[in-house]
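Text of the file coords-v9.txt, holding compact mmCIF, C-alpha atoms:
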# COMPACT_ATOMS: atom_id res chain seq x y z
CA GLN A 1081 107.79 80.00 106.84
CA VAL A 1082 108.03 83.74 107.35
CA GLN A 1083 105.59 85.33 109.78
CA LEU A 1084 105.16 88.88 110.99
CA VAL A 1085 102.52 89.16 113.70
CA GLU A 1086 101.41 92.55 114.96
CA SER A 1087 99.77 93.08 118.34
CA GLY A 1088 98.91 95.86 120.76
CA GLY A 1089 96.19 97.64 118.84
CA ALA A 1090 93.22 98.88 120.85
CA LEU A 1091 90.62 101.56 121.36
CA VAL A 1092 92.20 104.52 123.15
CA GLN A 1093 91.10 108.05 124.00
CA PRO A 1094 92.71 111.08 122.36
CA GLY A 1095 95.92 111.95 124.17
CA GLY A 1096 96.48 108.35 125.18
CA SER A 1097 99.33 105.97 124.43
CA LEU A 1098 99.79 102.53 122.92
CA ARG A 1099 102.74 100.30 122.16
CA LEU A 1100 102.51 98.10 119.11
CA SER A 1101 104.67 95.02 118.66
CA CYS A 1102 105.57 92.99 115.58
CA ALA A 1103 107.00 89.55 116.26
CA ALA A 1104 109.00 88.11 113.38
CA SER A 1105 109.87 84.50 112.66
CA GLY A 1106 111.42 82.68 109.72
CA ILE A 1107 113.80 85.51 108.80
CA ASN A 1108 117.21 86.72 109.93
CA PHE A 1109 115.56 89.65 111.66
CA GLY A 1110 118.73 91.61 112.34
CA VAL A 1111 119.57 92.21 108.67
CA TYR A 1112 116.15 93.56 107.71
CA ASP A 1113 115.03 97.15 107.55
CA MET A 1114 111.74 97.24 109.45
CA SER A 1115 108.86 99.64 108.98
CA TRP A 1116 105.42 100.49 110.31
CA TYR A 1117 102.73 101.46 107.83
CA ARG A 1118 99.11 102.37 108.44
CA GLN A 1119 95.95 102.44 106.39
CA ALA A 1120 92.81 104.31 107.34
CA PRO A 1121 89.44 103.54 105.68
CA GLY A 1122 89.32 105.03 102.19
CA ASN A 1123 93.00 105.97 102.27
CA GLN A 1124 96.14 104.51 100.77
CA ARG A 1125 98.60 102.69 102.99
CA GLU A 1126 101.20 105.18 104.23
CA LEU A 1127 104.63 104.84 105.76
CA VAL A 1128 104.73 105.81 109.44
CA ALA A 1129 108.28 105.01 110.54
CA THR A 1130 111.32 102.99 109.52
CA ILE A 1131 114.28 101.59 111.43
CA SER A 1132 117.23 100.25 109.50
CA ASP A 1133 119.36 97.24 110.32
CA ARG A 1134 121.78 99.77 111.84
CA HIS A 1135 119.00 101.30 113.96
CA ASN A 1136 118.75 104.50 111.93
CA THR A 1137 115.18 105.85 112.16
CA LYS A 1138 112.90 107.96 110.00
CA TYR A 1139 109.36 109.22 110.62
CA THR A 1140 106.59 110.74 108.62
CA ASP A 1141 106.07 114.37 109.61
CA SER A 1142 102.66 113.82 111.20
CA VAL A 1143 104.06 111.51 113.91
CA LYS A 1144 107.42 113.13 114.64
CA GLY A 1145 107.82 113.82 118.34
CA ARG A 1146 104.90 111.52 119.23
CA PHE A 1147 105.87 108.06 117.92
CA THR A 1148 109.07 106.11 118.51
CA ILE A 1149 110.12 103.08 116.49
CA SER A 1150 112.53 100.59 118.01
CA ARG A 1151 113.68 97.00 117.62
CA ASP A 1152 115.00 94.20 119.79
CA ASN A 1153 117.03 91.90 117.58
CA GLY A 1154 117.45 89.40 120.41
CA LYS A 1155 113.68 88.99 120.55
CA ASN A 1156 113.08 89.37 116.78
CA THR A 1157 110.56 92.07 117.61
CA LEU A 1158 109.75 95.52 116.26
CA TYR A 1159 107.97 98.13 118.37
CA LEU A 1160 106.08 101.36 117.85
CA GLN A 1161 105.50 103.51 120.92
CA MET A 1162 102.68 105.92 120.18
CA ASN A 1163 102.02 108.85 122.50
CA SER A 1164 99.66 111.83 122.34
CA LEU A 1165 97.39 109.88 120.02
CA LYS A 1166 94.94 111.77 117.84
CA PRO A 1167 91.74 110.65 116.09
CA GLU A 1168 93.57 110.94 112.77
CA ASP A 1169 95.94 108.19 113.93
CA THR A 1170 93.06 105.74 113.64
CA ALA A 1171 94.04 103.03 111.16
CA ILE A 1172 95.18 99.46 110.74
CA TYR A 1173 98.91 99.36 111.48
CA TYR A 1174 101.12 96.94 109.55
CA CYS A 1175 104.76 96.00 109.92
CA LYS A 1176 107.00 95.34 106.96
CA ALA A 1177 110.36 93.59 106.68
CA GLN A 1178 112.60 94.48 103.74
CA ALA A 1179 116.09 93.41 102.76
CA ALA A 1180 117.79 92.41 99.51
CA GLY A 1181 115.24 89.69 98.77
CA PRO A 1182 111.46 89.46 99.21
CA THR A 1183 109.46 91.97 101.24
CA TYR A 1184 107.22 90.61 103.99
CA TRP A 1185 104.09 92.10 105.56
CA GLY A 1186 102.09 91.33 108.64
CA ARG A 1187 98.30 91.23 108.72
CA GLY A 1188 97.88 94.33 110.81
CA THR A 1189 96.48 95.47 114.13
CA GLN A 1190 93.64 97.97 114.55
CA VAL A 1191 94.25 101.24 116.38
CA THR A 1192 91.19 103.38 117.09
CA VAL A 1193 91.52 106.78 118.75
CA SER A 1194 88.16 108.05 119.90
CA SER A 1195 86.43 109.51 122.92
Please re-express this file's structure in structure tokens.
Amino acid sequence: QVQLVESGGALVQPGGSLRLSCAASGINFGVYDMSWYRQAPGNQRELVATISDRHNTKYTDSVKGRFTISRDNGKNTLYLQMNSLKPEDTAIYYCKAQAAGPTYWGRGTQVTVSS
């Protein structure tokens, strides 16, 4: 059974930092391209960052220079380090695993940036 479980979401003040984690099980984690998406109320789900199986990374423009995606294949875990958080970063954050076969999603973790 494939599971992706996100954690690390919280309420944080503007300018603060959080690190999200996504623990994967039931897949050969190292061969998957992994991504973080987010969805704010009333908005469509949007891609935040991607890291390939070869550790190549891409970011949406709004988070460049503030967020860092990384992975630890030995721990089957994906990370998202988020610095200089802004109120507009408030959303549910989801991880996604994609390879040649099915795509898998986690259930999300809530990030709220507010004073």
Gly1095 (chain A) surroundings by all atoms listed in the file, 7 Å radius, close-in-sequence under 5 positions cut, as a PDB file with C-alpha atoms, in the frame of the given file:
ATOM      1  CA  SER A1164      99.660 111.830 122.340  1.00  0.00           C
ATOM      2  CA  LEU A1165      97.390 109.880 120.020  1.00  0.00           C
ATOM      3  CA  LYS A1166      94.940 111.770 117.840  1.00  0.00           C
TER       4      LYS A1166
END
Nearest candidate to Asp1113 (chain A) (options A:Asn1163, A:Asn1153, A:Gln1081, A:Ser1194; using all atoms listed in the file):
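Nearest to Asp1113 (chain A): A:Asn1153.
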Could you tell me how far CA of Thr1183 (chain A) lies from CA of Leu1100 (chain A), in Å and to one decimal?
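That distance, rounded to one decimal, is 20.1 Å.
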Skip region 1136-1145 of chain A itself and residues of its chain fewer than 2 positions away, then list as a ChimeraX atom specification all residues within 10 Å of it, counting only C-alpha atoms.
/A:1113-1116,1126-1134,1147-1150,1162-1166,1168-1169
For region 1147-1158 of chain A, take all atoms listed in the file, fit an axis-aligned box around them, add 3 Å to each of the six sides, then output centre and edge lengths in Å rounded to one decimal, as lines of an AutoDock Vina configuration file.
center_x = 111.7
center_y = 98.5
center_z = 118.4
size_x = 17.6
size_y = 25.1
size_z = 10.3
Check the smallest atom-to-atom distance from each of A:Arg1151, A:Arg1125, A:His1135, A:Arg1146 to Ser1101 (chain A) using only C-alpha atoms, then report the winner.
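Nearest to Ser1101 (chain A): A:Arg1151.
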Nearest to Gly1188 (chain A) by atom-to-atom distance, counting all atoms listed in the file, from A:Tyr1174, A:Gly1110, A:Arg1099, A:Val1085
A:Tyr1174
10 Å contact set for Ser1195 (chain A), only C-alpha atoms, chain neighbours under 2 positions out, as an NGL selection string
:A and (1091-1095 or 1167 or 1192-1193)
Point-to-point distance in Å for CA of Val1082 (chain A) and CA of Leu1098 (chain A):
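Distance between the two atoms: 25.8 Å.
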Just checking: using all atoms listed in the file, which residue out of A:Thr1170, A:Thr1189, A:Asn1108, A:Gln1119 ends up closest to Gly1154 (chain A)?
A:Asn1108
Might you pull out every residue within 10 Å of Arg1187 (chain A), with all atoms listed in the file counted and same-chain residues fewer than 5 positions away left off, and present them as a compact mmCIF listing (two decimals) with C-alpha atoms, keeping the file's coordinate frame?
# COMPACT_ATOMS: atom_id res chain seq x y z
CA GLN A 1083 105.59 85.33 109.78
CA LEU A 1084 105.16 88.88 110.99
CA VAL A 1085 102.52 89.16 113.70
CA GLU A 1086 101.41 92.55 114.96
CA SER A 1087 99.77 93.08 118.34
CA ILE A 1172 95.18 99.46 110.74
CA TYR A 1173 98.91 99.36 111.48
CA TYR A 1174 101.12 96.94 109.55
CA CYS A 1175 104.76 96.00 109.92
CA LYS A 1176 107.00 95.34 106.96
Provide the CA of Asn1123 (chain A) to CA of Gln1190 (chain A) distance in Å, to one decimal place.
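It comes out at 14.7 Å.
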From the set A:Val1191, A:Ala1171, A:Ala1177, A:Leu1160, which residue has the shortest atom-to-atom contact distance to Phe1109 (chain A), counting all atoms listed in the file?
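Comparing A:Val1191, A:Ala1171, A:Ala1177, A:Leu1160 against Phe1109 (chain A), the winner is A:Ala1177.
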Using only C-alpha atoms, which of A:Gln1124, A:Tyr1159, A:Gly1089, A:Tyr1184 sits nearest Gly1106 (chain A)?
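Closest to Gly1106 (chain A) of all the choices is A:Tyr1184.
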